[in-house]
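Shown next, in structure tokens, is the structure this report addresses.
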Amino acid sequence: MSKFAPLPTDATSIATIRTLAADVVGKANSGHPGAPMGMAPVTHVLFTRFFNANPRSSKWFNRDRFVLSNGSCALQYIALHLLGYKLSLDDLKAFRQIDSLTPGHPEAHHTDGIEVTTGPLGQGISNAVGLAIAQAHLGAIYNREGFDLINNYTYAFLGDGCLMEGVSSETCSLAGHLQLGNLIASFLVWDDNHISIDGDTAAAFTENVEQRYLAYGWQVLHVRDGDHDLEGIYNAIAEARREKNKPTLIRLTTTIGYGSKQQGTHGVHGSPLKPDDIAALKTKVGFNPDISFHVPDEVYSAWAVVGERGSALEAQWHSLLASYANAYPNEHTELTRRVAGRLPDGWEKSLPVYKSTDPAQASRKLSEIVLTAITPALPDLLGGSADLTGSNLTRNTGLGSYKGTYIRYGVREHGMGAIANGIAAYGGIIPFVGTFLNFVSYAAGAVRLSALSRHHVIWIATHDSIGLGEDGPTHQPIETAVHFRSIPNLAFWRPADGNETSAAYLIALRSTETPSILSLSRQNLPNLENSSIEHASRGGYVVHDEEGEDLTIVATAQRAQGIKTRVVSLPCWLIFDQQPQEYRLSVLRSGAPILSLEALSTTGWSKYSHEQYGLQAWGASGPYKKVYEKFGITGG
């Protein structure tokens, strides 16, 4: 790594970032100008000296990944514009406006160059850990001597708020344990400005963060003058890149809102600068105070070098990939398929199929059988569990190196979900994660962002009802299903037998832009008389038909006695709702009352039934059959 070499455009570029931040937030009359102004120097040094990406080919697979975790998204939009991504000056002027490419916080799949959706603090840094794990995993599998195909870096900016959020502690603890730096350096630049919305962080946050991260097993570096010391910033990033056995946290002491009359105070954290303050800032750096959104030509030219460097690197990479195809044709075929996001041909033929006469089994066991069957055909899978492998029955194989296919996340449900989002965002991997359904609630923030971001993540959520039995109401998820069923673009599956479990996996794996939760039982479930993978793949179907029925029961395979009863299974509301209206009306037809029956909250079932029967209160502790009897839910 060469030494730091100052450029004539350094000061002007930094001033441009600061004045654009003031103008962007000022025009919107909404946003956070302080952090972008304080972090302008590190942004300039990182992108112009180190960052490898090609703005004209923003999905080049071996690009460096950048995550803005601290939510001050004007900074990322400004950087993307200067780099030459598909984000114009007019887009910056439309910051936080309806249908603009510059929404209030960065959104993946919406703005060119955004890797992950951030804003809720702590999520971005946790996604960055997932991005780093994904690189390490794929690099370990496919890199060969002379073919270092997957070797990108992951960079993240975070603030004091991210460090306060518990999810960042979970993920950074795991990152240190996994020694992520031995194959990739995950650089976290901590904007240490001592300011949060409520004021000085000393009011609520006085721990020694450096010592905490050292205890996690990280390398910790400190740049004491993040406002001016470009060489110090450069040297810290260079040192972090040299560390191969630890992830790195760079503590960057900055002045929030640097250059503003309110610099160093919470007044510049989340409020636009006043017009006279913006004018004074521009005058101070030698810009015309009467011109807004000004970018000097020399700044565009200086940042264009990044794109030129990235274009050359991508061309070299494709040349290397072509040579790799000759040397390792099988690996090349598999890698390029995974990079393209395609599943292997015929993988679904390995899904188990059941008859109604097959023995009853718990759906968590049926899930294990599916994973055992499909894993040899699907190298894309990277599994894990939050310290519940033996209960979730997730496959525990391939441990001990980054070539493995299973992560022991420890008791870190929220961190696990956020990491899985980062793994999915990287590409080429389909992560699945396991815990009890009740504890997916711990990860609700990550699950919500997964759905919003269209991440291909699969949750294996076992012990999903009062059928959990003896552990009692603390572990029995009465209200959890309705929460997750209500989240847009989240497929919540509750399969009733073996074929429905196989169907849940089939659709979950095919749904590349929809995360899924598979809600699975602890107790045994009989195989239904009319179930099939094809039927269940539609989200709902008729299990038992009757002409001239007196009643239709929806949601379970329960049979009512003494009356002609038609039975419908509805394992996934989202998928069922996507079916043609004619099909939906044929399944839930008129002519007889429809009763929903589920040993959970009844909320939401009125969309599919006239009356609802379920649980209106918490569960109970005891043998599961006795618990069902207590609440009047038994088979007919």
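Here's how to read the names in the structure tokens: chain A, B, ... by the order shown, residue numbers from 1 in each chain, ligand numbers from 1 in the order shown.
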For this session: Taking the chain letters and numbering used in this document, name the residues of region 375-453 of chain A that DSSP puts in helix (DSSP H, G or I), as a VMD selection string.
Result: chain A and resid 375 to 377 389 to 392 413 to 426 437 to 453
Quick one: residues within 10 Å of Trp605 (chain A), only C-alpha atoms counted, chain neighbours fewer than 3 positions away excluded, as a PDB file with N, CA, C and O atoms, in the first residue's frame?
ATOM      1  N   VAL A 482     -49.937 -13.376  13.572  1.00  0.00           N
ATOM      2  CA  VAL A 482     -50.685 -12.273  12.958  1.00  0.00           C
ATOM      3  C   VAL A 482     -49.772 -11.084  12.689  1.00  0.00           C
ATOM      4  O   VAL A 482     -49.947 -10.356  11.696  1.00  0.00           O
ATOM      5  N   VAL A 554     -61.739 -23.681   7.840  1.00  0.00           N
ATOM      6  CA  VAL A 554     -60.530 -23.261   7.158  1.00  0.00           C
ATOM      7  C   VAL A 554     -59.392 -23.155   8.167  1.00  0.00           C
ATOM      8  O   VAL A 554     -59.596 -22.718   9.293  1.00  0.00           O
ATOM      9  N   ALA A 555     -58.200 -23.608   7.749  1.00  0.00           N
ATOM     10  CA  ALA A 555     -56.943 -23.475   8.479  1.00  0.00           C
ATOM     11  C   ALA A 555     -56.423 -24.772   9.027  1.00  0.00           C
ATOM     12  O   ALA A 555     -55.231 -24.936   9.170  1.00  0.00           O
ATOM     13  N   TRP A 573     -51.178 -17.232   3.700  1.00  0.00           N
ATOM     14  CA  TRP A 573     -52.123 -16.207   3.252  1.00  0.00           C
ATOM     15  C   TRP A 573     -51.574 -15.434   2.048  1.00  0.00           C
ATOM     16  O   TRP A 573     -52.295 -15.161   1.096  1.00  0.00           O
ATOM     17  N   LEU A 595     -65.874 -21.231   9.005  1.00  0.00           N
ATOM     18  CA  LEU A 595     -65.318 -21.065  10.348  1.00  0.00           C
ATOM     19  C   LEU A 595     -63.818 -21.266  10.292  1.00  0.00           C
ATOM     20  O   LEU A 595     -63.336 -22.285   9.796  1.00  0.00           O
ATOM     21  N   SER A 596     -63.056 -20.285  10.776  1.00  0.00           N
ATOM     22  CA  SER A 596     -61.607 -20.477  10.875  1.00  0.00           C
ATOM     23  C   SER A 596     -61.282 -21.082  12.229  1.00  0.00           C
ATOM     24  O   SER A 596     -61.924 -20.777  13.230  1.00  0.00           O
ATOM     25  N   LEU A 597     -60.277 -21.956  12.219  1.00  0.00           N
ATOM     26  CA  LEU A 597     -59.883 -22.616  13.459  1.00  0.00           C
ATOM     27  C   LEU A 597     -58.368 -22.680  13.510  1.00  0.00           C
ATOM     28  O   LEU A 597     -57.722 -23.281  12.645  1.00  0.00           O
ATOM     29  N   GLU A 598     -57.789 -22.034  14.500  1.00  0.00           N
ATOM     30  CA  GLU A 598     -56.342 -22.041  14.676  1.00  0.00           C
ATOM     31  C   GLU A 598     -56.028 -21.787  16.137  1.00  0.00           C
ATOM     32  O   GLU A 598     -56.642 -20.919  16.766  1.00  0.00           O
ATOM     33  N   SER A 601     -54.017 -16.475  17.949  1.00  0.00           N
ATOM     34  CA  SER A 601     -54.941 -15.346  17.898  1.00  0.00           C
ATOM     35  C   SER A 601     -55.802 -15.435  16.645  1.00  0.00           C
ATOM     36  O   SER A 601     -55.342 -15.851  15.573  1.00  0.00           O
ATOM     37  N   THR A 602     -57.054 -15.022  16.749  1.00  0.00           N
ATOM     38  CA  THR A 602     -57.966 -15.059  15.603  1.00  0.00           C
ATOM     39  C   THR A 602     -57.848 -13.824  14.724  1.00  0.00           C
ATOM     40  O   THR A 602     -58.465 -13.769  13.648  1.00  0.00           O
ATOM     41  N   TYR A 608     -61.089 -14.335   5.711  1.00  0.00           N
ATOM     42  CA  TYR A 608     -61.318 -15.621   5.058  1.00  0.00           C
ATOM     43  C   TYR A 608     -62.510 -16.383   5.624  1.00  0.00           C
ATOM     44  O   TYR A 608     -62.838 -17.467   5.114  1.00  0.00           O
ATOM     45  N   SER A 609     -63.128 -15.890   6.669  1.00  0.00           N
ATOM     46  CA  SER A 609     -64.175 -16.669   7.340  1.00  0.00           C
ATOM     47  C   SER A 609     -65.235 -15.755   7.933  1.00  0.00           C
ATOM     48  O   SER A 609     -65.007 -14.562   8.157  1.00  0.00           O
ATOM     49  N   HIS A 610     -66.394 -16.365   8.184  1.00  0.00           N
ATOM     50  CA  HIS A 610     -67.489 -15.620   8.812  1.00  0.00           C
ATOM     51  C   HIS A 610     -67.338 -15.584  10.329  1.00  0.00           C
ATOM     52  O   HIS A 610     -67.676 -14.594  10.977  1.00  0.00           O
ATOM     53  N   GLU A 611     -66.867 -16.669  10.885  1.00  0.00           N
ATOM     54  CA  GLU A 611     -66.645 -16.757  12.326  1.00  0.00           C
ATOM     55  C   GLU A 611     -65.249 -17.308  12.569  1.00  0.00           C
ATOM     56  O   GLU A 611     -64.701 -18.035  11.727  1.00  0.00           O
ATOM     57  N   GLN A 612     -64.700 -16.989  13.741  1.00  0.00           N
ATOM     58  CA  GLN A 612     -63.325 -17.386  14.042  1.00  0.00           C
ATOM     59  C   GLN A 612     -63.272 -18.038  15.422  1.00  0.00           C
ATOM     60  O   GLN A 612     -63.919 -17.577  16.366  1.00  0.00           O
ATOM     61  N   TYR A 613     -62.506 -19.120  15.491  1.00  0.00           N
ATOM     62  CA  TYR A 613     -62.291 -19.776  16.775  1.00  0.00           C
ATOM     63  C   TYR A 613     -60.790 -19.924  16.989  1.00  0.00           C
ATOM     64  O   TYR A 613     -60.071 -20.427  16.118  1.00  0.00           O
ATOM     65  N   GLY A 614     -60.319 -19.481  18.126  1.00  0.00           N
ATOM     66  CA  GLY A 614     -58.900 -19.565  18.435  1.00  0.00           C
ATOM     67  C   GLY A 614     -58.658 -19.182  19.870  1.00  0.00           C
ATOM     68  O   GLY A 614     -59.500 -19.424  20.743  1.00  0.00           O
TER      69      GLY A 614
END
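Those residues in region 271-387 of chain A carrying a DSSP assignment of strand (DSSP E), computed from the backbone, are A:Gln361, A:Ala362, A:Leu381, A:Leu382, A:Gly383, A:Gly384, A:Ser385.
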Using only C-alpha atoms, which residues sit within 10 Å of region 292-306 of chain A once same-chain residues fewer than 2 positions away are excluded, as a PDB file with N, CA, C and O atoms, in the first residue's frame?
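So the final result, stored in out_6.pdb, reads:
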ATOM      1  N   LEU A   7      -3.924  15.497  -2.814  1.00  0.00           N
ATOM      2  CA  LEU A   7      -4.323  15.946  -4.141  1.00  0.00           C
ATOM      3  C   LEU A   7      -4.770  17.401  -4.068  1.00  0.00           C
ATOM      4  O   LEU A   7      -5.328  17.832  -3.041  1.00  0.00           O
ATOM      5  N   PRO A   8      -4.580  18.167  -5.129  1.00  0.00           N
ATOM      6  CA  PRO A   8      -4.994  19.578  -5.105  1.00  0.00           C
ATOM      7  C   PRO A   8      -6.499  19.755  -4.894  1.00  0.00           C
ATOM      8  O   PRO A   8      -6.940  20.809  -4.441  1.00  0.00           O
ATOM      9  N   THR A   9      -7.256  18.708  -5.213  1.00  0.00           N
ATOM     10  CA  THR A   9      -8.720  18.803  -5.117  1.00  0.00           C
ATOM     11  C   THR A   9      -9.276  18.324  -3.778  1.00  0.00           C
ATOM     12  O   THR A   9     -10.493  18.347  -3.578  1.00  0.00           O
ATOM     13  N   ASP A  10      -8.424  17.892  -2.858  1.00  0.00           N
ATOM     14  CA  ASP A  10      -8.920  17.331  -1.599  1.00  0.00           C
ATOM     15  C   ASP A  10      -9.810  18.321  -0.846  1.00  0.00           C
ATOM     16  O   ASP A  10     -10.946  18.007  -0.468  1.00  0.00           O
ATOM     17  N   ALA A  11      -9.312  19.527  -0.626  1.00  0.00           N
ATOM     18  CA  ALA A  11     -10.065  20.501   0.168  1.00  0.00           C
ATOM     19  C   ALA A  11     -11.367  20.885  -0.521  1.00  0.00           C
ATOM     20  O   ALA A  11     -12.424  20.999   0.121  1.00  0.00           O
ATOM     21  N   THR A  12     -11.305  21.061  -1.845  1.00  0.00           N
ATOM     22  CA  THR A  12     -12.517  21.442  -2.581  1.00  0.00           C
ATOM     23  C   THR A  12     -13.549  20.319  -2.561  1.00  0.00           C
ATOM     24  O   THR A  12     -14.757  20.560  -2.437  1.00  0.00           O
ATOM     25  N   SER A  13     -13.097  19.072  -2.684  1.00  0.00           N
ATOM     26  CA  SER A  13     -14.017  17.942  -2.645  1.00  0.00           C
ATOM     27  C   SER A  13     -14.714  17.846  -1.292  1.00  0.00           C
ATOM     28  O   SER A  13     -15.935  17.626  -1.219  1.00  0.00           O
ATOM     29  N   ILE A  14     -13.962  18.021  -0.238  1.00  0.00           N
ATOM     30  CA  ILE A  14     -14.543  17.952   1.108  1.00  0.00           C
ATOM     31  C   ILE A  14     -15.529  19.096   1.314  1.00  0.00           C
ATOM     32  O   ILE A  14     -16.631  18.902   1.868  1.00  0.00           O
ATOM     33  N   ALA A  15     -15.171  20.285   0.852  1.00  0.00           N
ATOM     34  CA  ALA A  15     -16.084  21.427   0.958  1.00  0.00           C
ATOM     35  C   ALA A  15     -17.360  21.181   0.153  1.00  0.00           C
ATOM     36  O   ALA A  15     -18.471  21.552   0.578  1.00  0.00           O
ATOM     37  N   THR A  16     -17.219  20.521  -1.002  1.00  0.00           N
ATOM     38  CA  THR A  16     -18.387  20.225  -1.837  1.00  0.00           C
ATOM     39  C   THR A  16     -19.348  19.281  -1.118  1.00  0.00           C
ATOM     40  O   THR A  16     -20.571  19.484  -1.143  1.00  0.00           O
ATOM     41  N   ILE A  17     -18.808  18.252  -0.473  1.00  0.00           N
ATOM     42  CA  ILE A  17     -19.663  17.330   0.278  1.00  0.00           C
ATOM     43  C   ILE A  17     -20.418  18.077   1.378  1.00  0.00           C
ATOM     44  O   ILE A  17     -21.634  17.884   1.571  1.00  0.00           O
ATOM     45  N   THR A  19     -21.145  21.378   1.640  1.00  0.00           N
ATOM     46  CA  THR A  19     -22.133  22.342   1.152  1.00  0.00           C
ATOM     47  C   THR A  19     -23.316  21.640   0.489  1.00  0.00           C
ATOM     48  O   THR A  19     -24.461  22.077   0.625  1.00  0.00           O
ATOM     49  N   LEU A  20     -23.050  20.527  -0.197  1.00  0.00           N
ATOM     50  CA  LEU A  20     -24.160  19.767  -0.758  1.00  0.00           C
ATOM     51  C   LEU A  20     -25.052  19.198   0.341  1.00  0.00           C
ATOM     52  O   LEU A  20     -26.285  19.190   0.216  1.00  0.00           O
ATOM     53  N   ALA A  21     -24.441  18.720   1.420  1.00  0.00           N
ATOM     54  CA  ALA A  21     -25.234  18.203   2.537  1.00  0.00           C
ATOM     55  C   ALA A  21     -26.156  19.279   3.091  1.00  0.00           C
ATOM     56  O   ALA A  21     -27.342  19.031   3.376  1.00  0.00           O
ATOM     57  N   ALA A  22     -25.622  20.489   3.219  1.00  0.00           N
ATOM     58  CA  ALA A  22     -26.441  21.595   3.719  1.00  0.00           C
ATOM     59  C   ALA A  22     -27.563  21.937   2.741  1.00  0.00           C
ATOM     60  O   ALA A  22     -28.709  22.168   3.139  1.00  0.00           O
ATOM     61  N   ASP A  23     -27.237  21.954   1.434  1.00  0.00           N
ATOM     62  CA  ASP A  23     -28.242  22.298   0.428  1.00  0.00           C
ATOM     63  C   ASP A  23     -29.313  21.218   0.292  1.00  0.00           C
ATOM     64  O   ASP A  23     -30.504  21.511   0.182  1.00  0.00           O
ATOM     65  N   VAL A  24     -28.885  19.939   0.278  1.00  0.00           N
ATOM     66  CA  VAL A  24     -29.827  18.831   0.117  1.00  0.00           C
ATOM     67  C   VAL A  24     -30.847  18.824   1.247  1.00  0.00           C
ATOM     68  O   VAL A  24     -32.066  18.766   1.022  1.00  0.00           O
ATOM     69  N   LYS A  27     -33.082  22.199   1.221  1.00  0.00           N
ATOM     70  CA  LYS A  27     -34.162  22.266   0.245  1.00  0.00           C
ATOM     71  C   LYS A  27     -35.324  21.375   0.657  1.00  0.00           C
ATOM     72  O   LYS A  27     -36.496  21.741   0.496  1.00  0.00           O
ATOM     73  N   HIS A  44     -14.439  11.321   1.566  1.00  0.00           N
ATOM     74  CA  HIS A  44     -13.572  11.659   0.427  1.00  0.00           C
ATOM     75  C   HIS A  44     -12.371  10.721   0.352  1.00  0.00           C
ATOM     76  O   HIS A  44     -12.049  10.192  -0.720  1.00  0.00           O
ATOM     77  N   PHE A  47     -13.467   6.876  -0.580  1.00  0.00           N
ATOM     78  CA  PHE A  47     -13.919   6.610  -1.946  1.00  0.00           C
ATOM     79  C   PHE A  47     -12.862   6.945  -2.996  1.00  0.00           C
ATOM     80  O   PHE A  47     -12.716   6.217  -3.976  1.00  0.00           O
ATOM     81  N   THR A  48     -12.127   8.027  -2.817  1.00  0.00           N
ATOM     82  CA  THR A  48     -11.165   8.400  -3.861  1.00  0.00           C
ATOM     83  C   THR A  48      -9.873   7.603  -3.781  1.00  0.00           C
ATOM     84  O   THR A  48      -9.185   7.445  -4.788  1.00  0.00           O
ATOM     85  N   ARG A  49      -9.536   7.048  -2.613  1.00  0.00           N
ATOM     86  CA  ARG A  49      -8.257   6.351  -2.465  1.00  0.00           C
ATOM     87  C   ARG A  49      -8.392   4.830  -2.398  1.00  0.00           C
ATOM     88  O   ARG A  49      -7.468   4.115  -2.781  1.00  0.00           O
ATOM     89  N   PHE A  50      -9.519   4.320  -1.931  1.00  0.00           N
ATOM     90  CA  PHE A  50      -9.588   2.888  -1.634  1.00  0.00           C
ATOM     91  C   PHE A  50     -10.719   2.137  -2.340  1.00  0.00           C
ATOM     92  O   PHE A  50     -10.563   0.966  -2.672  1.00  0.00           O
ATOM     93  N   PHE A  51     -11.848   2.758  -2.523  1.00  0.00           N
ATOM     94  CA  PHE A  51     -13.066   2.044  -2.908  1.00  0.00           C
ATOM     95  C   PHE A  51     -12.978   1.534  -4.342  1.00  0.00           C
ATOM     96  O   PHE A  51     -12.675   2.285  -5.271  1.00  0.00           O
ATOM     97  N   ASN A  52     -13.258   0.244  -4.522  1.00  0.00           N
ATOM     98  CA  ASN A  52     -13.220  -0.393  -5.838  1.00  0.00           C
ATOM     99  C   ASN A  52     -14.629  -0.769  -6.272  1.00  0.00           C
ATOM    100  O   ASN A  52     -15.244  -1.689  -5.726  1.00  0.00           O
ATOM    101  N   ALA A  53     -15.141  -0.048  -7.236  1.00  0.00           N
ATOM    102  CA  ALA A  53     -16.465  -0.311  -7.791  1.00  0.00           C
ATOM    103  C   ALA A  53     -16.542   0.361  -9.152  1.00  0.00           C
ATOM    104  O   ALA A  53     -15.746   1.248  -9.460  1.00  0.00           O
ATOM    105  N   ASN A  54     -17.502  -0.061  -9.938  1.00  0.00           N
ATOM    106  CA  ASN A  54     -17.696   0.512 -11.261  1.00  0.00           C
ATOM    107  C   ASN A  54     -19.105   1.079 -11.344  1.00  0.00           C
ATOM    108  O   ASN A  54     -20.067   0.325 -11.535  1.00  0.00           O
ATOM    109  N   PRO A  55     -19.257   2.396 -11.206  1.00  0.00           N
ATOM    110  CA  PRO A  55     -20.605   2.988 -11.232  1.00  0.00           C
ATOM    111  C   PRO A  55     -21.381   2.691 -12.508  1.00  0.00           C
ATOM    112  O   PRO A  55     -22.618   2.686 -12.492  1.00  0.00           O
ATOM    113  N   ALA A  79     -22.231  10.979  -2.265  1.00  0.00           N
ATOM    114  CA  ALA A  79     -21.107  10.169  -2.735  1.00  0.00           C
ATOM    115  C   ALA A  79     -21.466   9.429  -4.025  1.00  0.00           C
ATOM    116  O   ALA A  79     -20.672   9.383  -4.973  1.00  0.00           O
ATOM    117  N   HIS A  81     -23.640  10.293  -6.268  1.00  0.00           N
ATOM    118  CA  HIS A  81     -23.695  11.266  -7.359  1.00  0.00           C
ATOM    119  C   HIS A  81     -22.294  11.627  -7.851  1.00  0.00           C
ATOM    120  O   HIS A  81     -22.032  11.617  -9.066  1.00  0.00           O
ATOM    121  N   LEU A  82     -21.395  11.906  -6.935  1.00  0.00           N
ATOM    122  CA  LEU A  82     -20.034  12.286  -7.337  1.00  0.00           C
ATOM    123  C   LEU A  82     -19.315  11.135  -8.033  1.00  0.00           C
ATOM    124  O   LEU A  82     -18.491  11.357  -8.925  1.00  0.00           O
ATOM    125  N   LEU A  83     -19.624   9.906  -7.634  1.00  0.00           N
ATOM    126  CA  LEU A  83     -18.980   8.745  -8.237  1.00  0.00           C
ATOM    127  C   LEU A  83     -19.500   8.447  -9.641  1.00  0.00           C
ATOM    128  O   LEU A  83     -18.839   7.733 -10.409  1.00  0.00           O
ATOM    129  N   GLY A  84     -20.679   8.957  -9.966  1.00  0.00           N
ATOM    130  CA  GLY A  84     -21.214   8.733 -11.303  1.00  0.00           C
ATOM    131  C   GLY A  84     -22.263   7.645 -11.394  1.00  0.00           C
ATOM    132  O   GLY A  84     -22.543   7.141 -12.491  1.00  0.00           O
ATOM    133  N   LEU A  89     -27.964  15.427 -10.120  1.00  0.00           N
ATOM    134  CA  LEU A  89     -28.084  16.566  -9.220  1.00  0.00           C
ATOM    135  C   LEU A  89     -29.553  16.871  -8.948  1.00  0.00           C
ATOM    136  O   LEU A  89     -29.926  17.265  -7.832  1.00  0.00           O
ATOM    137  N   ASP A  90     -30.391  16.668  -9.970  1.00  0.00           N
ATOM    138  CA  ASP A  90     -31.830  16.865  -9.765  1.00  0.00           C
ATOM    139  C   ASP A  90     -32.379  15.854  -8.761  1.00  0.00           C
ATOM    140  O   ASP A  90     -33.313  16.167  -8.005  1.00  0.00           O
ATOM    141  N   LEU A  92     -30.722  14.743  -6.210  1.00  0.00           N
ATOM    142  CA  LEU A  92     -30.348  15.283  -4.896  1.00  0.00           C
ATOM    143  C   LEU A  92     -31.317  16.392  -4.488  1.00  0.00           C
ATOM    144  O   LEU A  92     -31.673  16.519  -3.313  1.00  0.00           O
ATOM    145  N   LYS A  93     -31.755  17.184  -5.449  1.00  0.00           N
ATOM    146  CA  LYS A  93     -32.697  18.274  -5.151  1.00  0.00           C
ATOM    147  C   LYS A  93     -34.067  17.731  -4.756  1.00  0.00           C
ATOM    148  O   LYS A  93     -34.857  18.451  -4.127  1.00  0.00           O
ATOM    149  N   ILE A 278     -26.011  28.478   6.050  1.00  0.00           N
ATOM    150  CA  ILE A 278     -25.545  27.855   4.805  1.00  0.00           C
ATOM    151  C   ILE A 278     -24.686  28.839   4.020  1.00  0.00           C
ATOM    152  O   ILE A 278     -23.622  28.489   3.482  1.00  0.00           O
ATOM    153  N   ALA A 279     -25.138  30.097   3.955  1.00  0.00           N
ATOM    154  CA  ALA A 279     -24.371  31.121   3.235  1.00  0.00           C
ATOM    155  C   ALA A 279     -23.001  31.328   3.872  1.00  0.00           C
ATOM    156  O   ALA A 279     -21.981  31.447   3.174  1.00  0.00           O
ATOM    157  N   LYS A 282     -20.666  28.413   2.987  1.00  0.00           N
ATOM    158  CA  LYS A 282     -20.142  28.495   1.623  1.00  0.00           C
ATOM    159  C   LYS A 282     -19.081  29.583   1.501  1.00  0.00           C
ATOM    160  O   LYS A 282     -18.049  29.393   0.834  1.00  0.00           O
ATOM    161  N   PHE A 287     -16.904  29.235  -1.640  1.00  0.00           N
ATOM    162  CA  PHE A 287     -17.966  29.031  -2.623  1.00  0.00           C
ATOM    163  C   PHE A 287     -18.873  30.252  -2.655  1.00  0.00           C
ATOM    164  O   PHE A 287     -18.981  30.998  -1.668  1.00  0.00           O
ATOM    165  N   ASN A 288     -19.558  30.426  -3.769  1.00  0.00           N
ATOM    166  CA  ASN A 288     -20.509  31.528  -3.903  1.00  0.00           C
ATOM    167  C   ASN A 288     -21.733  31.229  -3.047  1.00  0.00           C
ATOM    168  O   ASN A 288     -22.439  30.243  -3.294  1.00  0.00           O
ATOM    169  N   PRO A 289     -22.037  32.069  -2.065  1.00  0.00           N
ATOM    170  CA  PRO A 289     -23.165  31.778  -1.169  1.00  0.00           C
ATOM    171  C   PRO A 289     -24.520  31.857  -1.854  1.00  0.00           C
ATOM    172  O   PRO A 289     -25.510  31.370  -1.310  1.00  0.00           O
ATOM    173  N   ASP A 290     -24.575  32.441  -3.045  1.00  0.00           N
ATOM    174  CA  ASP A 290     -25.854  32.593  -3.742  1.00  0.00           C
ATOM    175  C   ASP A 290     -26.165  31.417  -4.674  1.00  0.00           C
ATOM    176  O   ASP A 290     -27.225  31.380  -5.277  1.00  0.00           O
ATOM    177  N   GLU A 308     -13.086   5.051 -13.312  1.00  0.00           N
ATOM    178  CA  GLU A 308     -12.102   4.552 -14.278  1.00  0.00           C
ATOM    179  C   GLU A 308     -11.321   3.386 -13.687  1.00  0.00           C
ATOM    180  O   GLU A 308     -11.082   2.377 -14.366  1.00  0.00           O
ATOM    181  N   ARG A 309     -10.938   3.541 -12.421  1.00  0.00           N
ATOM    182  CA  ARG A 309     -10.228   2.447 -11.741  1.00  0.00           C
ATOM    183  C   ARG A 309     -11.121   1.217 -11.643  1.00  0.00           C
ATOM    184  O   ARG A 309     -10.696   0.089 -11.916  1.00  0.00           O
ATOM    185  N   GLY A 310     -12.383   1.421 -11.277  1.00  0.00           N
ATOM    186  CA  GLY A 310     -13.311   0.311 -11.140  1.00  0.00           C
ATOM    187  C   GLY A 310     -13.589  -0.383 -12.456  1.00  0.00           C
ATOM    188  O   GLY A 310     -13.694  -1.611 -12.513  1.00  0.00           O
ATOM    189  N   SER A 311     -13.700   0.389 -13.534  1.00  0.00           N
ATOM    190  CA  SER A 311     -13.937  -0.199 -14.845  1.00  0.00           C
ATOM    191  C   SER A 311     -12.779  -1.092 -15.260  1.00  0.00           C
ATOM    192  O   SER A 311     -12.985  -2.198 -15.784  1.00  0.00           O
TER     193      SER A 311
END
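Remark: for Thr333 (chain A), the closest of the candidate residues A:Glu368, A:Ile237, A:Val45, A:Leu321 is A:Leu321 (distances computed over only C-alpha atoms).
Ranking A:Ala128, A:Cys73, A:Leu452, A:Ile233 by their shortest atom-to-atom distance to Thr254 (chain A), with only C-alpha atoms included, puts A:Ile233 first.
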For this session: Would you kindly return, as a ChimeraX atom specification, each protein, DNA or RNA residue with an atom no farther than 12 Å from any atom of Ala377 (chain A), considering only C-alpha atoms and excluding same-chain residues fewer than 4 positions away?
Result: /A:334,343-351,370-373,381
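Note that CA of His544 (chain A) and CA of Asn499 (chain A) are 15.4 Å apart.
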For this session: Excluding Gly122 (chain A) and any residue of its chain fewer than 6 positions from it, enumerate the residues within 7 Å of it, using only C-alpha atoms, and give them as number ranges by chain.
Result: A: 69, 162-163, 165, 167-168
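The residue that comes closest to Asp99 (chain A), out of A:Thr111, A:Pro376, A:Asn235, A:Ala40 and on the basis of only C-alpha atoms, is A:Thr111.
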Seminar exercise, completed: From CA of Leu249 (chain A) to CA of Ala236 (chain A) the spacing works out at 9.7 Å
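Compared by their closest atoms to Phe205 (chain A), and using only C-alpha atoms, the residues A:Ala238, A:Pro359, A:Cys572, A:Met164 rank with A:Met164 nearest.
Nearest to His177 (chain A) of all the residues A:Ile507, A:Ile133, A:Val568, A:Ile141 is A:Ile133, counting only C-alpha atoms.
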If you count only C-alpha atoms, which residues fall within 10 Å of Gly38 (chain A), apart from same-chain ones fewer than 5 positions away, as a compact mmCIF listing (two decimals) with C-alpha atoms, in the first residue's frame?
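Final output, selection08.txt:
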# COMPACT_ATOMS: atom_id res chain seq x y z
CA ILE A 14 -14.54 17.95 1.11
CA ILE A 17 -19.66 17.33 0.28
CA ARG A 18 -20.34 19.68 3.18
CA PRO A 33 -26.88 17.58 7.82
CA THR A 43 -15.92 9.92 2.84
CA ASP A 191 -18.30 8.71 13.66
CA ASP A 192 -17.41 9.61 17.24
CA ASN A 193 -19.03 13.05 17.47
CA GLY A 226 -11.30 13.41 11.76
CA ASP A 227 -11.99 16.99 10.71
CA THR A 253 -13.34 11.70 16.30
CA THR A 254 -15.21 14.37 14.34
CA THR A 255 -17.14 17.58 14.90
CA ILE A 256 -20.77 17.14 13.93
CA GLY A 257 -21.89 19.82 11.48
CA TYR A 258 -18.32 20.98 10.92
CA GLY A 259 -18.33 24.48 9.40
CA GLN A 263 -21.09 22.71 14.84
CA GLY A 264 -20.53 20.36 17.74
